[in-house]
Amino acid sequence: MTQTSIDKNAIRPFHVSIPDEEIIELRKRINATRWPEKETVLNQDQGVQLETIQELARYWANEYDWRKVESRINAYPHFLTELDGLDIHFIHVRSKHENAMPILIAHGWPGSIFEQMKLIEPLTNPTAFGGSAADAFHVIIPSMPGYGFSGKPTTTGWDPKRIASAYGELMTRLGYTKYVAHGGDWGAIVVDFMGVQEPQGLIGLHTNMAGVIPPDVDAAIWSGNPLPSGLSDEEKKACAQVGENKFAYAAMMGTRPQTLTGLVDSPVALAAFMLDHDWKSLALISRSFAGVQEGLTRDDVLDNISLFWFTNSGVSASRIYWENGKAGISFFGVKGVKLPVAVSVYPDELYEAPKSWAEKAYPNLIHYNKLPKGGHFAAWEQPEFVTSELRTAFKALR
């Protein structure tokens, strides 16, 4: 990994080059894994099944090729710039179409730039992907603080609100005076707060993990108290869906992130922890390692995990959960956005945001659509759907 220039306010080119010895060390550590016994159930009730993680490790050590994805990463222009005292890494791809709309695309955990890279070509070069020049975007994809090639915070305070502020400054520094933002997972929360902060130039948002749960309902879900009366069947279903995901990873990272030392010592520990985000995505990933071609490939999954490994970001990426808890920010609750917002709802998301709640949470709701397929990592799993949604959602704002 190299960089040029030492001007902290400069936009500095960045190139990815992982040393051969680090790749060799990764394979050595994978092959030295000490395994637990098989789970005592026939399903995923106890977490990532032994068969899945052992097949992942076998493929990772013996067949996976990091250099192939490294070449794909470096095919795009990468940069670093210092924002609020921290180096932030980002991809910046400008469309060849003159009137393209700038869009900031924000990832979450356990995501990375890989989660969003599938959107770059369809958004910047729409005429090659079933669209017209009028659908073109300039694409900016930052790595969150503590993630990937961004700097690791050494002090507290980097919660989603602060990240939102840094992203707004990034777009200003890039010279964009009119732009939109899209996010999923933490990225959805960050762009919601960009919408609350309304940095100069931001004209609208798109989210595939909408923050729309009313405060009283949100409080009841997390406390285990009875839900308020008068909820529709769709609203009750959304509450039940939140409860289906135990969020064990969030509880650990939200309270004791530094205890997760194993995530930077053992690649297999890191992989198992990152797979167990929600039961639907875990099932999808498990099927991919069982030979089922759907949504995510084995390489997709390992590209992302390898990035965490090579950048030693297992623990640093976890701390946003702790920061969020200290800030008292709800994952799915209403944030107070007044700007135009578009919502896409995927059937395997952590919860399917009801339109009734979306209309109240986002008083300037410009688009709402339920998709037939896809889950929490929508851009990664179903980039065609996400591309179509972004084109449709922001057409009226061009």
# chains A, B, ... in the order shown; residues from 1 in each chain; ligands from 1
>>> residues_around(residues="region 98-100 of chain A", least_positions_apart="3", cutoff="7 Å", atoms="only C-alpha atoms", output="list of chain:residue names")
A:Ser95, A:Ala136, A:Phe137, A:His138
>>> closest_atom_pairs(of="region 246-335 of chain A", to="region 346-363 of chain A", cutoff="8 Å", atoms="only C-alpha atoms", output="Markdown table")
| residue | atom | partner | partner_atom | distance |
| --- | --- | --- | --- | --- |
| A:Asp278 | CA | A:Leu350 | CA | 7.3 |
| A:Lys280 | CA | A:Asp348 | CA | 6.4 |
| A:Ser281 | CA | A:Asp348 | CA | 7.9 |
| A:Val334 | CA | A:Ala361 | CA | 5.6 |
| A:Lys335 | CA | A:Ala361 | CA | 7.6 |
>>> atom_distance(atom1="CA of Ile103 (chain A)", atom2="CA of Leu119 (chain A)")
11.1 Å
>>> closest_residue(among="A:Ala134, A:Ala271, A:Ala327, A:Ala317", to="Ala250 (chain A)", atoms="only C-alpha atoms")
A:Ala317
>>> select_by_dssp(residues="region 158-274 of chain A", states="strand (DSSP E)", output="NGL selection string")
:A and (179-183 or 202-207)
>>> residues_around(residues="Ile18 (chain A)", least_positions_apart="5", cutoff="12 Å", atoms="only C-alpha atoms", output="list in words")
Met1, Thr2, Ile23, Ile24, Glu25, Leu26, Trp66, Arg67, Lys68, Val69, Glu70, Ser71, Ile73, Asn74, Phe149, Ser306, Leu307, Trp309, Phe310 and Thr311 of chain A
>>> closest_residue(among="A:Leu202, A:Ala251, A:Ile91, A:Leu123", to="His15 (chain A)", atoms="only C-alpha atoms")
A:Ile91
>>> residues_around(residues="Ala342 (chain A)", least_positions_apart="5", cutoff="10 Å", atoms="only C-alpha atoms", output="list in words")
His182, Gly204, Leu205, His206, Thr207, Asn208, Ala210, Ala358, Tyr362, Asn364, Leu365, Ile366, His367, Tyr368, Asn369, Glu389, Leu390, Thr392, Ala393 and Phe394 of chain A
>>> write_last_selection(atoms="N, CA and C atoms", output="mmCIF file, in the first residue's frame")
data_model
loop_
_atom_site.group_PDB
_atom_site.id
_atom_site.type_symbol
_atom_site.label_atom_id
_atom_site.label_comp_id
_atom_site.auth_asym_id
_atom_site.auth_seq_id
_atom_site.Cartn_x
_atom_site.Cartn_y
_atom_site.Cartn_z
ATOM 1 N N HIS A 182 -26.390 7.225 -0.942
ATOM 2 C CA HIS A 182 -27.062 5.931 -0.782
ATOM 3 C C HIS A 182 -26.315 5.106 0.247
ATOM 4 N N GLY A 204 -30.729 14.626 -1.776
ATOM 5 C CA GLY A 204 -31.608 13.488 -1.573
ATOM 6 C C GLY A 204 -30.855 12.241 -1.172
ATOM 7 N N LEU A 205 -31.597 11.262 -0.619
ATOM 8 C CA LEU A 205 -31.023 10.027 -0.102
ATOM 9 C C LEU A 205 -31.756 8.820 -0.674
ATOM 10 N N HIS A 206 -31.038 7.707 -0.717
ATOM 11 C CA HIS A 206 -31.649 6.408 -0.979
ATOM 12 C C HIS A 206 -31.136 5.430 0.065
ATOM 13 N N THR A 207 -32.032 4.603 0.581
ATOM 14 C CA THR A 207 -31.642 3.636 1.594
ATOM 15 C C THR A 207 -32.268 2.292 1.298
ATOM 16 N N ASN A 208 -31.527 1.209 1.584
ATOM 17 C CA ASN A 208 -32.143 -0.112 1.553
ATOM 18 C C ASN A 208 -32.204 -0.728 2.959
ATOM 19 N N ALA A 210 -34.065 1.130 5.774
ATOM 20 C CA ALA A 210 -34.708 2.369 6.199
ATOM 21 C C ALA A 210 -34.818 2.460 7.718
ATOM 22 N N ALA A 358 -42.586 4.425 6.638
ATOM 23 C CA ALA A 358 -41.670 5.202 5.798
ATOM 24 C C ALA A 358 -42.248 6.582 5.489
ATOM 25 N N TYR A 362 -40.039 9.675 6.802
ATOM 26 C CA TYR A 362 -39.477 10.497 5.722
ATOM 27 C C TYR A 362 -40.608 11.307 5.086
ATOM 28 N N ASN A 364 -40.717 13.599 3.123
ATOM 29 C CA ASN A 364 -40.514 13.883 1.697
ATOM 30 C C ASN A 364 -40.111 12.594 0.996
ATOM 31 N N LEU A 365 -40.947 11.557 1.129
ATOM 32 C CA LEU A 365 -40.680 10.257 0.522
ATOM 33 C C LEU A 365 -40.977 10.337 -0.975
ATOM 34 N N ILE A 366 -39.948 10.147 -1.789
ATOM 35 C CA ILE A 366 -40.113 10.308 -3.237
ATOM 36 C C ILE A 366 -40.188 8.969 -3.969
ATOM 37 N N HIS A 367 -39.893 7.888 -3.279
ATOM 38 C CA HIS A 367 -39.916 6.575 -3.935
ATOM 39 C C HIS A 367 -39.961 5.510 -2.852
ATOM 40 N N TYR A 368 -40.808 4.497 -3.066
ATOM 41 C CA TYR A 368 -40.885 3.346 -2.157
ATOM 42 C C TYR A 368 -41.186 2.137 -3.025
ATOM 43 N N ASN A 369 -40.364 1.090 -2.884
ATOM 44 C CA ASN A 369 -40.582 -0.087 -3.717
ATOM 45 C C ASN A 369 -40.125 -1.336 -2.986
ATOM 46 N N GLU A 389 -33.041 0.696 -8.981
ATOM 47 C CA GLU A 389 -33.684 1.509 -7.947
ATOM 48 C C GLU A 389 -33.053 2.900 -7.860
ATOM 49 N N LEU A 390 -31.730 2.967 -7.934
ATOM 50 C CA LEU A 390 -31.062 4.267 -7.849
ATOM 51 C C LEU A 390 -31.402 5.138 -9.060
ATOM 52 N N THR A 392 -34.146 5.003 -10.862
ATOM 53 C CA THR A 392 -35.552 5.415 -10.752
ATOM 54 C C THR A 392 -35.726 6.448 -9.634
ATOM 55 N N ALA A 393 -35.111 6.180 -8.488
ATOM 56 C CA ALA A 393 -35.326 7.009 -7.305
ATOM 57 C C ALA A 393 -34.893 8.452 -7.525
ATOM 58 N N PHE A 394 -33.766 8.640 -8.214
ATOM 59 C CA PHE A 394 -33.210 9.990 -8.314
ATOM 60 C C PHE A 394 -33.514 10.698 -9.627
#
>>> closest_residue(among="A:Tyr147, A:Phe193, A:Trp186, A:Phe289", to="Ser165 (chain A)", atoms="only C-alpha atoms")
A:Phe193
>>> atom_distance(atom1="CA of Ile203 (chain A)", atom2="CA of Ile120 (chain A)")
20.6 Å
>>> closest_residue(among="A:Ser286, A:Asn312, A:Thr52, A:Asn9", to="Arg173 (chain A)", atoms="only C-alpha atoms")
A:Asn9
>>> closest_residue(among="A:Ala283, A:Met252, A:Met101, A:Leu296", to="Trp322 (chain A)", atoms="only C-alpha atoms")
A:Met252
